[in-house]
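Colleague: I am sharing my_file.pdb, which consists of PDB, C-alpha atoms and all ligand atoms:
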```
ATOM      1  CA  MET A   1      -0.278  73.464  42.685
ATOM      2  CA  SER A   2       2.715  73.010  44.942
ATOM      3  CA  ASP A   3       6.126  72.226  43.453
ATOM      4  CA  GLN A   4       6.098  68.873  45.147
ATOM      5  CA  MET A   5       2.791  67.864  43.543
ATOM      6  CA  LYS A   6       3.954  69.104  40.170
ATOM      7  CA  GLN A   7       7.129  67.070  40.459
ATOM      8  CA  SER A   8       5.247  63.891  41.375
ATOM      9  CA  SER A   9       2.777  64.305  38.512
ATOM     10  CA  ASP A  10       5.727  64.872  36.126
ATOM     11  CA  GLY A  11       7.284  61.675  37.480
ATOM     12  CA  ASP A  12       4.015  59.838  36.929
ATOM     13  CA  ARG A  13       3.798  61.018  33.367
ATOM     14  CA  ARG A  14       7.406  60.050  32.705
ATOM     15  CA  HIS A  15       6.800  56.658  34.297
ATOM     16  CA  LYS A  16       3.725  56.138  32.150
ATOM     17  CA  ARG A  17       5.605  57.179  29.026
ATOM     18  CA  VAL A  18       8.394  54.718  29.849
ATOM     19  CA  GLN A  19       5.815  51.983  30.423
ATOM     20  CA  PHE A  20       4.164  52.842  27.144
ATOM     21  CA  ILE A  21       7.457  52.714  25.248
ATOM     22  CA  LYS A  22       8.261  49.414  26.932
ATOM     23  CA  ARG A  23       4.962  47.982  25.776
ATOM     24  CA  VAL A  24       5.525  49.251  22.249
ATOM     25  CA  ILE A  25       8.971  47.640  22.202
ATOM     26  CA  ILE A  26       7.570  44.334  23.460
ATOM     27  CA  ALA A  27       4.797  44.465  20.882
ATOM     28  CA  LEU A  28       7.372  45.220  18.206
ATOM     29  CA  VAL A  29       9.574  42.354  19.309
ATOM     30  CA  ILE A  30       6.592  40.010  19.184
ATOM     31  CA  THR A  31       5.474  41.111  15.751
ATOM     32  CA  VAL A  32       8.934  41.415  14.252
ATOM     33  CA  VAL A  33      10.704  38.442  15.806
ATOM     34  CA  ILE A  34       8.546  35.912  17.588
ATOM     35  CA  LEU A  35       5.524  35.744  15.263
ATOM     36  CA  PRO A  36       7.522  35.301  12.063
ATOM     37  CA  THR A  37       9.722  32.731  13.795
ATOM     38  CA  ALA A  38       6.694  30.740  14.917
ATOM     39  CA  LEU A  39       5.196  31.003  11.448
ATOM     40  CA  CYS A  40       8.480  29.857   9.942
ATOM     41  CA  VAL A  41       8.568  26.822  12.200
ATOM     42  CA  ILE A  42       4.975  25.888  11.311
ATOM     43  CA  LEU A  43       5.589  26.382   7.598
ATOM     44  CA  PHE A  44       8.830  24.442   7.771
ATOM     45  CA  VAL A  45       7.098  21.456   9.360
ATOM     46  CA  ARG A  46       4.307  21.604   6.775
ATOM     47  CA  MET A  47       6.768  21.980   3.916
ATOM     48  CA  ASN A  48       8.704  18.963   5.136
ATOM     49  CA  ARG A  49       5.545  16.906   5.260
ATOM     50  CA  LEU A  50       4.510  17.988   1.760
ATOM     51  CA  GLU A  51       8.002  17.356   0.421
ATOM     52  CA  LYS A  52       7.818  13.809   1.726
ATOM     53  CA  GLN A  53       4.464  13.276   0.054
ATOM     54  CA  ILE A  54       5.706  14.759  -3.213
ATOM     55  CA  ALA A  55       8.805  12.571  -3.120
ATOM     56  CA  GLU A  56       6.654   9.536  -2.585
ATOM     57  CA  LEU A  57       4.306  10.508  -5.419
ATOM     58  CA  LEU A  58       7.239  11.195  -7.723
ATOM     59  CA  ALA A  59       8.774   7.855  -6.841
ATOM     60  CA  VAL A  60       5.544   6.158  -7.770
ATOM     61  CA  ARG A  61       5.338   8.080 -11.042
ATOM     62  CA  GLU A  62       8.929   7.481 -11.918
ATOM     63  CA  GLU A  63       8.572   3.811 -11.220
ATOM     64  CA  ARG A  64       5.651   3.837 -13.650
ATOM     65  CA  ASN A  65       7.528   5.672 -16.359
ATOM     66  CA  VAL A  66      10.861   3.973 -15.987
ATOM     67  CA  THR A  67       9.836   0.352 -15.745
ATOM     68  CA  VAL A  68       9.699  -1.484 -19.031
ATOM     69  CA  ALA A  69       6.023  -2.031 -18.716
ATOM     70  CA  VAL A  70       3.739  -0.426 -16.271
ATOM     71  CA  ASP A  71       2.694  -2.681 -13.422
ATOM     72  CA  GLU A  72      -0.853  -1.560 -14.002
ATOM     73  CA  VAL A  73      -1.049  -2.463 -17.650
ATOM     74  CA  THR A  74       0.706  -5.758 -17.097
ATOM     75  CA  GLU A  75      -1.443  -6.578 -14.132
ATOM     76  CA  ASP A  76      -4.567  -5.798 -16.124
ATOM     77  CA  LYS A  77      -3.391  -7.989 -19.008
ATOM     78  CA  ALA A  78      -2.545 -10.721 -16.561
ATOM     79  CA  PHE A  79      -5.979 -10.352 -15.076
ATOM     80  CA  ALA A  80      -7.529 -10.766 -18.519
ATOM     81  CA  ALA A  81      -5.465 -13.938 -18.909
ATOM     82  CA  GLY A  82      -6.691 -15.191 -15.556
ATOM     83  CA  LYS A  83     -10.244 -14.467 -16.602
ATOM     84  CA  GLU A  84      -9.848 -16.485 -19.779
ATOM     85  CA  GLN A  85      -8.790 -19.399 -17.634
ATOM     86  CA  THR A  86     -11.873 -18.988 -15.523
ATOM     87  CA  ASP A  87     -14.004 -19.085 -18.640
ATOM     88  CA  ALA A  88     -12.208 -22.159 -19.897
ATOM     89  CA  ALA A  89     -12.675 -23.914 -16.581
ATOM     90  CA  ALA A  90     -16.326 -22.966 -16.619
ATOM     91  CA  ALA A  91     -16.716 -24.412 -20.086
ATOM     92  CA  GLY A  92     -15.326 -27.676 -18.806
ATOM     93  CA  VAL A  93     -12.154 -27.340 -20.856
ATOM     94  CA  LEU A  94      -9.220 -28.970 -19.166
ATOM     95  CA  ASN A  95      -6.879 -26.126 -18.482
ATOM     96  CA  PRO A  96      -3.288 -27.323 -18.190
ATOM     97  CA  SER A  97      -2.136 -24.168 -16.440
ATOM     98  CA  VAL A  98      -4.523 -24.588 -13.545
ATOM     99  CA  ARG A  99      -2.980 -27.536 -11.807
ATOM    100  CA  GLU A 100      -4.191 -27.358  -8.265
ATOM    101  CA  LYS A 101      -7.529 -28.969  -7.725
ATOM    102  CA  GLU A 102      -8.534 -26.180  -5.371
ATOM    103  CA  ALA A 103      -7.642 -23.587  -7.933
ATOM    104  CA  VAL A 104      -9.827 -25.222 -10.533
ATOM    105  CA  GLU A 105     -12.586 -25.404  -8.001
ATOM    106  CA  ALA A 106     -12.021 -21.824  -6.974
ATOM    107  CA  SER A 107     -11.918 -20.380 -10.444
ATOM    108  CA  SER A 108     -14.756 -22.503 -11.753
ATOM    109  CA  ALA A 109     -18.017 -20.743 -12.431
ATOM    110  CA  THR A 110     -19.912 -23.564 -10.792
ATOM    111  CA  VAL A 111     -19.886 -21.899  -7.421
ATOM    112  CA  ASN A 112     -20.737 -23.941  -4.381
ATOM    113  CA  ALA A 113     -23.539 -22.805  -2.166
ATOM    114  CA  GLY A 114     -21.080 -22.650   0.769
ATOM    115  CA  THR A 115     -19.056 -19.772   2.107
ATOM    116  CA  LYS A 116     -17.215 -17.534  -0.309
ATOM    117  CA  LYS A 117     -13.666 -16.868   0.804
ATOM    118  CA  ILE A 118     -12.417 -13.380   0.020
ATOM    119  CA  PHE A 119      -8.750 -12.475   0.277
ATOM    120  CA  LEU A 120      -8.141  -8.744   0.001
ATOM    121  CA  THR A 121      -4.564  -8.139  -1.108
ATOM    122  CA  PHE A 122      -2.595  -4.900  -1.318
ATOM    123  CA  ASP A 123       0.470  -4.544  -3.547
ATOM    124  CA  ASP A 124       3.258  -1.936  -3.536
ATOM    125  CA  GLY A 125       3.121  -0.757   0.109
ATOM    126  CA  PRO A 126       4.059   0.520   2.560
ATOM    127  CA  SER A 127       2.846   3.968   1.554
ATOM    128  CA  VAL A 128       1.303   7.122   2.969
ATOM    129  CA  TYR A 129      -1.986   5.186   3.038
ATOM    130  CA  THR A 130      -0.884   2.044   4.893
ATOM    131  CA  ASP A 131      -1.943   3.471   8.253
ATOM    132  CA  ARG A 132      -5.394   4.315   6.931
ATOM    133  CA  ILE A 133      -5.811   0.856   5.388
ATOM    134  CA  LEU A 134      -4.758  -0.714   8.691
ATOM    135  CA  ASP A 135      -7.078   1.563  10.674
ATOM    136  CA  ILE A 136     -10.006   0.513   8.471
ATOM    137  CA  CYS A 137      -9.145  -3.173   8.821
ATOM    138  CA  LYS A 138      -8.944  -2.745  12.577
ATOM    139  CA  ALA A 139     -12.268  -0.908  12.761
ATOM    140  CA  TYR A 140     -14.020  -3.726  10.871
ATOM    141  CA  ASP A 141     -11.962  -6.496  12.486
ATOM    142  CA  VAL A 142     -10.692  -7.743   9.140
ATOM    143  CA  LYS A 143      -7.331  -9.345   8.302
ATOM    144  CA  VAL A 144      -5.822  -8.902   4.848
ATOM    145  CA  THR A 145      -2.604  -9.541   2.938
ATOM    146  CA  PHE A 146       0.098  -7.056   1.962
ATOM    147  CA  PHE A 147       2.572  -7.829  -0.827
ATOM    148  CA  VAL A 148       5.176  -5.269   0.096
ATOM    149  CA  VAL A 149       8.102  -3.668  -1.689
ATOM    150  CA  GLY A 150      11.462  -2.656  -0.205
ATOM    151  CA  LYS A 151      11.336   0.673   1.604
ATOM    152  CA  THR A 152      13.702   2.047   4.236
ATOM    153  CA  GLY A 153      13.461   4.584   7.050
ATOM    154  CA  GLY A 154      11.841   4.592  10.464
ATOM    155  CA  GLU A 155       8.355   5.395   9.232
ATOM    156  CA  ASN A 156       8.317   2.500   6.746
ATOM    157  CA  GLU A 157       9.800   0.143   9.323
ATOM    158  CA  ARG A 158       6.997   1.082  11.686
ATOM    159  CA  LEU A 159       4.458   0.254   8.952
ATOM    160  CA  TYR A 160       5.955  -3.193   8.177
ATOM    161  CA  ARG A 161       5.815  -3.919  11.884
ATOM    162  CA  ARG A 162       2.266  -2.642  12.256
ATOM    163  CA  ILE A 163       1.125  -4.939   9.422
ATOM    164  CA  VAL A 164       2.579  -7.940  11.228
ATOM    165  CA  GLU A 165       1.597  -6.918  14.764
ATOM    166  CA  GLU A 166      -2.033  -6.449  13.769
ATOM    167  CA  GLY A 167      -2.272  -9.993  12.425
ATOM    168  CA  HIS A 168      -2.161  -9.398   8.677
ATOM    169  CA  THR A 169      -0.179 -11.550   6.295
ATOM    170  CA  ILE A 170       2.985  -9.990   4.957
ATOM    171  CA  GLY A 171       4.021 -11.278   1.550
ATOM    172  CA  MET A 172       6.762 -10.246  -0.852
ATOM    173  CA  HIS A 173       6.244  -8.289  -4.070
ATOM    174  CA  SER A 174       9.684  -7.035  -5.066
ATOM    175  CA  TYR A 175      12.413  -5.063  -3.327
ATOM    176  CA  SER A 176      13.091  -2.662  -6.182
ATOM    177  CA  HIS A 177       9.804  -3.152  -8.071
ATOM    178  CA  LYS A 178      11.777  -2.304 -11.207
ATOM    179  CA  TYR A 179      10.608  -4.696 -13.881
ATOM    180  CA  SER A 180      13.563  -4.026 -16.127
ATOM    181  CA  GLU A 181      15.958  -5.123 -13.392
ATOM    182  CA  ILE A 182      14.211  -8.005 -11.682
ATOM    183  CA  TYR A 183      13.113  -9.737 -14.875
ATOM    184  CA  GLU A 184      16.540  -9.370 -16.513
ATOM    185  CA  ASN A 185      17.611 -12.882 -15.492
ATOM    186  CA  LEU A 186      16.975 -15.528 -12.860
ATOM    187  CA  GLU A 187      19.808 -14.265 -10.635
ATOM    188  CA  SER A 188      18.499 -10.709 -10.551
ATOM    189  CA  TYR A 189      15.004 -11.913  -9.641
ATOM    190  CA  GLN A 190      16.401 -14.163  -6.938
ATOM    191  CA  GLU A 191      18.656 -11.440  -5.545
ATOM    192  CA  ASP A 192      15.799  -8.955  -5.404
ATOM    193  CA  LEU A 193      13.446 -11.370  -3.641
ATOM    194  CA  GLU A 194      16.061 -12.566  -1.145
ATOM    195  CA  MET A 195      16.904  -8.959  -0.340
ATOM    196  CA  LEU A 196      13.251  -8.249   0.366
ATOM    197  CA  GLN A 197      12.881 -11.392   2.454
ATOM    198  CA  SER A 198      15.779 -10.466   4.732
ATOM    199  CA  HIS A 199      14.646  -6.842   4.852
ATOM    200  CA  ILE A 200      11.234  -7.950   6.154
ATOM    201  CA  ARG A 201      12.801 -10.473   8.531
ATOM    202  CA  GLU A 202      15.216  -7.918  10.010
ATOM    203  CA  ILE A 203      12.428  -5.449  10.682
ATOM    204  CA  THR A 204       9.533  -7.717  11.708
ATOM    205  CA  GLY A 205      11.134 -11.010  12.660
ATOM    206  CA  VAL A 206       8.860 -12.752  10.158
ATOM    207  CA  THR A 207      10.204 -14.826   7.270
ATOM    208  CA  ALA A 208       7.738 -14.154   4.475
ATOM    209  CA  ASP A 209       7.087 -17.286   2.422
ATOM    210  CA  ILE A 210       4.533 -16.065  -0.095
ATOM    211  CA  CYS A 211       4.983 -13.634  -2.935
ATOM    212  CA  ARG A 212       3.275 -11.958  -5.840
ATOM    213  CA  PHE A 213       5.144 -11.424  -9.084
ATOM    214  CA  PRO A 214       5.103  -7.798 -10.220
ATOM    215  CA  GLY A 215       2.659  -7.912 -13.115
ATOM    216  CA  GLY A 216       1.535 -11.391 -12.062
ATOM    217  CA  SER A 217       2.921 -14.751 -13.187
ATOM    218  CA  SER A 218       1.422 -14.149 -16.632
ATOM    219  CA  ASN A 219       3.308 -10.901 -17.226
ATOM    220  CA  THR A 220       4.820 -10.552 -20.677
ATOM    221  CA  VAL A 221       7.682  -8.336 -19.545
ATOM    222  CA  SER A 222      10.032 -10.911 -18.071
ATOM    223  CA  LYS A 223      13.049 -11.811 -20.175
ATOM    224  CA  VAL A 224      13.301 -15.008 -18.148
ATOM    225  CA  PRO A 225      10.659 -17.641 -18.874
ATOM    226  CA  MET A 226       8.295 -17.329 -15.919
ATOM    227  CA  GLN A 227       8.458 -21.094 -15.536
ATOM    228  CA  GLU A 228      12.086 -20.750 -14.435
ATOM    229  CA  LEU A 229      11.136 -18.244 -11.762
ATOM    230  CA  ILE A 230       8.263 -20.451 -10.638
ATOM    231  CA  ASP A 231      10.648 -23.416 -10.363
ATOM    232  CA  TYR A 232      13.028 -21.291  -8.310
ATOM    233  CA  LEU A 233      10.213 -20.288  -5.939
ATOM    234  CA  GLU A 234       9.123 -23.873  -5.508
ATOM    235  CA  ALA A 235      12.678 -24.928  -4.663
ATOM    236  CA  ALA A 236      12.899 -22.053  -2.170
ATOM    237  CA  GLY A 237       9.613 -23.063  -0.509
ATOM    238  CA  ILE A 238       7.857 -19.870  -1.517
ATOM    239  CA  ASP A 239       4.261 -19.898  -2.784
ATOM    240  CA  TYR A 240       3.125 -17.265  -5.248
ATOM    241  CA  TYR A 241      -0.332 -15.798  -5.487
ATOM    242  CA  ASP A 242      -1.891 -14.094  -8.471
ATOM    243  CA  TRP A 243      -5.465 -12.823  -8.376
ATOM    244  CA  ASN A 244      -8.800 -13.637  -9.949
ATOM    245  CA  VAL A 245     -10.579 -10.413  -9.050
ATOM    246  CA  SER A 246      -9.162  -7.024  -9.985
ATOM    247  CA  SER A 247     -10.385  -3.965  -8.126
ATOM    248  CA  GLY A 248      -9.400  -1.960 -11.189
ATOM    249  CA  ASP A 249      -7.227   0.388  -9.150
ATOM    250  CA  ALA A 250      -4.203  -0.676 -11.193
ATOM    251  CA  SER A 251      -5.048   1.297 -14.299
ATOM    252  CA  GLY A 252      -4.008   4.911 -13.830
ATOM    253  CA  THR A 253      -6.111   7.082 -11.534
ATOM    254  CA  LYS A 254      -9.180   7.736 -13.646
ATOM    255  CA  TYR A 255     -11.681   5.742 -11.649
ATOM    256  CA  THR A 256     -13.853   6.421  -8.651
ATOM    257  CA  ALA A 257     -14.117   4.665  -5.319
ATOM    258  CA  GLY A 258     -17.579   3.544  -6.424
ATOM    259  CA  GLN A 259     -16.144   1.801  -9.489
ATOM    260  CA  ILE A 260     -13.629  -0.045  -7.325
ATOM    261  CA  VAL A 261     -16.446  -1.199  -5.046
ATOM    262  CA  ASP A 262     -18.495  -2.411  -8.057
ATOM    263  CA  ASN A 263     -15.513  -4.211  -9.610
ATOM    264  CA  VAL A 264     -14.836  -6.133  -6.412
ATOM    265  CA  LEU A 265     -18.449  -6.977  -5.602
ATOM    266  CA  ASN A 266     -19.152  -8.113  -9.165
ATOM    267  CA  GLY A 267     -15.814  -9.918  -9.401
ATOM    268  CA  ILE A 268     -16.361 -12.178  -6.408
ATOM    269  CA  GLU A 269     -19.719 -13.492  -7.659
ATOM    270  CA  SER A 270     -18.318 -16.219  -9.895
ATOM    271  CA  ASN A 271     -15.725 -17.575  -7.436
ATOM    272  CA  ASN A 272     -15.661 -19.650  -4.282
ATOM    273  CA  THR A 273     -12.229 -18.248  -3.526
ATOM    274  CA  SER A 274     -11.522 -14.695  -4.587
ATOM    275  CA  ILE A 275      -8.089 -13.165  -4.399
ATOM    276  CA  VAL A 276      -8.678  -9.463  -4.899
ATOM    277  CA  LEU A 277      -5.933  -7.262  -6.346
ATOM    278  CA  MET A 278      -5.698  -3.812  -4.774
ATOM    279  CA  HIS A 279      -2.887  -1.324  -4.243
ATOM    280  CA  ASP A 280      -1.387   0.440  -1.253
ATOM    281  CA  ALA A 281       0.344   3.344  -2.966
ATOM    282  CA  ALA A 282       0.646   7.111  -2.743
ATOM    283  CA  ASP A 283      -1.628   7.712  -5.752
ATOM    284  CA  LYS A 284      -4.342   5.241  -4.744
ATOM    285  CA  GLU A 285      -6.508   7.249  -2.376
ATOM    286  CA  GLN A 286      -9.661   5.996  -4.089
ATOM    287  CA  THR A 287      -8.769   2.480  -2.965
ATOM    288  CA  VAL A 288      -8.671   3.661   0.645
ATOM    289  CA  GLU A 289     -12.037   5.356   0.175
ATOM    290  CA  ALA A 290     -13.518   2.226  -1.393
ATOM    291  CA  LEU A 291     -12.225  -0.159   1.276
ATOM    292  CA  PRO A 292     -14.804   0.461   4.043
ATOM    293  CA  LEU A 293     -17.625   0.243   1.482
ATOM    294  CA  ILE A 294     -16.288  -3.078   0.163
ATOM    295  CA  ILE A 295     -15.889  -4.515   3.656
ATOM    296  CA  GLU A 296     -19.334  -3.339   4.766
ATOM    297  CA  ALA A 297     -20.986  -4.872   1.690
ATOM    298  CA  LEU A 298     -19.129  -8.151   2.210
ATOM    299  CA  GLN A 299     -19.767  -8.315   5.942
ATOM    300  CA  ALA A 300     -23.477  -7.727   5.343
ATOM    301  CA  ARG A 301     -23.585 -11.105   3.574
ATOM    302  CA  GLU A 302     -23.918 -14.367   5.447
ATOM    303  CA  ASP A 303     -22.080 -16.386   2.803
ATOM    304  CA  VAL A 304     -18.881 -14.361   2.731
ATOM    305  CA  GLU A 305     -15.733 -14.568   4.826
ATOM    306  CA  ILE A 306     -12.798 -12.141   4.565
ATOM    307  CA  LEU A 307      -9.474 -13.823   5.338
ATOM    308  CA  PRO A 308      -5.726 -13.240   5.188
ATOM    309  CA  ILE A 309      -3.749 -15.573   2.904
ATOM    310  CA  THR A 310      -2.355 -18.572   4.773
ATOM    311  CA  GLU A 311      -0.800 -21.849   3.650
ATOM    312  CA  ASP A 312      -4.302 -23.321   3.397
ATOM    313  CA  THR A 313      -5.451 -20.724   0.877
ATOM    314  CA  ALA A 314      -6.267 -22.119  -2.562
ATOM    315  CA  LYS A 315      -3.560 -21.096  -5.014
ATOM    316  CA  ILE A 316      -4.803 -18.761  -7.681
ATOM    317  CA  HIS A 317      -2.238 -18.951 -10.451
ATOM    318  CA  HIS A 318      -2.234 -17.381 -13.892
ATOM    319  CA  VAL A 319       0.686 -19.593 -14.846
ATOM    320  CA  THR A 320       1.336 -22.729 -12.825
ATOM    321  CA  GLN A 321       4.199 -25.089 -12.360
ATOM    322  CA  LYS A 322       4.343 -27.781 -15.023
ATOM    323  CA  GLU A 323       3.440 -31.318 -13.970
ATOM    324  CA  LYS A 324       6.547 -33.361 -13.423
TER     325      LYS A 324
HETATM  326 ZN    ZN A 401       3.270  -3.818  -8.112
END
```
As structure tokens - that is how I would like this structure written.
Modeller:
Amino acid sequence: MSDQMKQSSDGDRRHKRVQFIKRVIIALVITVVILPTALCVILFVRMNRLEKQIAELLAVREERNVTVAVDEVTEDKAFAAGKEQTDAAAAGVLNPSVREKEAVEASSATVNAGTKKIFLTFDDGPSVYTDRILDICKAYDVKVTFFVVGKTGGENERLYRRIVEEGHTIGMHSYSHKYSEIYENLESYQEDLEMLQSHIREITGVTADICRFPGGSSNTVSKVPMQELIDYLEAAGIDYYDWNVSSGDASGTKYTAGQIVDNVLNGIESNNTSIVLMHDAADKEQTVEALPLIIEALQAREDVEILPITEDTAKIHHVTQKEK
């Protein structure tokens, strides 16, 4: 082998070695720096998302624990009260608390052969499930009613707007949803509701003029006689809506989507007008799962119409304004 050839093959080997070391360094950099960084970014995003969900779930739980009486329990009691009224109306007993003619007609067991009007209502949103509820409504071309609470931040603002833009009715529930605060006195109730009304108006441009009392108008938590709050609403031009069908999603989380479906489908049988109580909240995934099944079952019937609450909707009241 000539010296020249030997030199060039040495150079080749050196060049290859350098290339090899370069590749090793690049591989090292990738494994030591870039991969972990990418992983960190992915994990960070996921962690943030989970943290948000946890915060929302905790808020829901805290609300449950802190409030004087749990919405759920109160709403169930109120529902029982509403049911008693239905029974009384069915028995032909004059029920002084059901003033509106339509309401009597609606809650009476003597159901007309005509169309059944079903109003699906969702309390406590917006939540992590609002988008899914809205997607389902859109897919089935159904309009519903949301009784919202006060939530801030871009994501919640987007959800209030989506509710309105997609043609659903936006009603008021409570800004704070803290029973102990809102039912302390008339002023605190009024302040809370007005705050929610302007919150909704600022974000959506809509002035909500219907509401649902937390726990219903027959709740036993309020320190103010409910009649006073009802009088205030009437003076303010705000209608309130209770419910005469409970989906059962109010009581804890120990129920299945199938039970919710059964509760609703059985509940509507005895009414011409059914206002169905459901929840849009972080711990109510079963409600979201039940919703398409409920809508499909209702839409399969000729005698059923699903509608959003409007001013023409029969008032379903657990406690009504006294005759003057
Ligand atoms: Zn509520």
Colleague: Show me which residues sit within 7 Å of ligand ZN 401 (chain A) when counting only C-alpha atoms and all ligand atoms, and put them as a list of chain:residue names.
Modeller: A:Asp71, A:Asp123, A:Asp124, A:His173, A:His177, A:Pro214, A:Gly215
Colleague: Specify as a PDB file with C-alpha atoms, in the frame of the given file each residue included when the PyMOL selection byres (((chain A and resi 159-171) around 7) and not hetatm) is applied to this file.
Modeller:
```
ATOM      1  CA  PRO A 126       4.059   0.520   2.560  1.00  0.00           C
ATOM      2  CA  THR A 130      -0.884   2.044   4.893  1.00  0.00           C
ATOM      3  CA  LYS A 143      -7.331  -9.345   8.302  1.00  0.00           C
ATOM      4  CA  VAL A 144      -5.822  -8.902   4.848  1.00  0.00           C
ATOM      5  CA  THR A 145      -2.604  -9.541   2.938  1.00  0.00           C
ATOM      6  CA  PHE A 146       0.098  -7.056   1.962  1.00  0.00           C
ATOM      7  CA  PHE A 147       2.572  -7.829  -0.827  1.00  0.00           C
ATOM      8  CA  VAL A 148       5.176  -5.269   0.096  1.00  0.00           C
ATOM      9  CA  GLU A 155       8.355   5.395   9.232  1.00  0.00           C
ATOM     10  CA  ASN A 156       8.317   2.500   6.746  1.00  0.00           C
ATOM     11  CA  GLU A 157       9.800   0.143   9.323  1.00  0.00           C
ATOM     12  CA  ARG A 158       6.997   1.082  11.686  1.00  0.00           C
ATOM     13  CA  MET A 172       6.762 -10.246  -0.852  1.00  0.00           C
ATOM     14  CA  HIS A 173       6.244  -8.289  -4.070  1.00  0.00           C
ATOM     15  CA  ILE A 203      12.428  -5.449  10.682  1.00  0.00           C
ATOM     16  CA  THR A 204       9.533  -7.717  11.708  1.00  0.00           C
ATOM     17  CA  ALA A 208       7.738 -14.154   4.475  1.00  0.00           C
ATOM     18  CA  ASP A 209       7.087 -17.286   2.422  1.00  0.00           C
ATOM     19  CA  ILE A 210       4.533 -16.065  -0.095  1.00  0.00           C
ATOM     20  CA  CYS A 211       4.983 -13.634  -2.935  1.00  0.00           C
ATOM     21  CA  PRO A 308      -5.726 -13.240   5.188  1.00  0.00           C
ATOM     22  CA  ILE A 309      -3.749 -15.573   2.904  1.00  0.00           C
TER      23      ILE A 309
END
```
Colleague: Considering all atoms listed in the file, can you say which of A:Leu43, A:Val245, A:Ala236, A:Cys137 comes closest to Ile306 of chain A?
Modeller: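 Selected residue with least distance to Ile306 of chain A: A:Cys137.
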Colleague: Give me, please, the distance in Å between atom CA of Ile21 of chain A and atom CA of Pro36 of chain A, quoted to one decimal.
Modeller: 21.8 Å
Colleague: Compare A:Leu293, A:Ile54, A:Leu193, A:Val29 by their minimum atom-to-atom distance to Leu233 of chain A, counting all atoms listed in the file, and give me the closest one.
Modeller: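 Of A:Leu293, A:Ile54, A:Leu193, A:Val29, the one nearest Leu233 of chain A is A:Leu193, counting all atoms listed in the file.
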Colleague: Check the smallest atom-to-atom distance from each of A:Thr220, A:Thr207, A:Thr121, A:Asn185 to Val142 of chain A using all atoms listed in the file, then report the winner.
Modeller: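 Using all atoms listed in the file, Val142 of chain A sits closest to A:Thr121.
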Colleague: For the atom pair atom CA of Val33 of chain A and atom CA of Arg17 of chain A, what is the interatomic distance in Å to one decimal place?
Modeller: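 It comes out at 23.5 Å.
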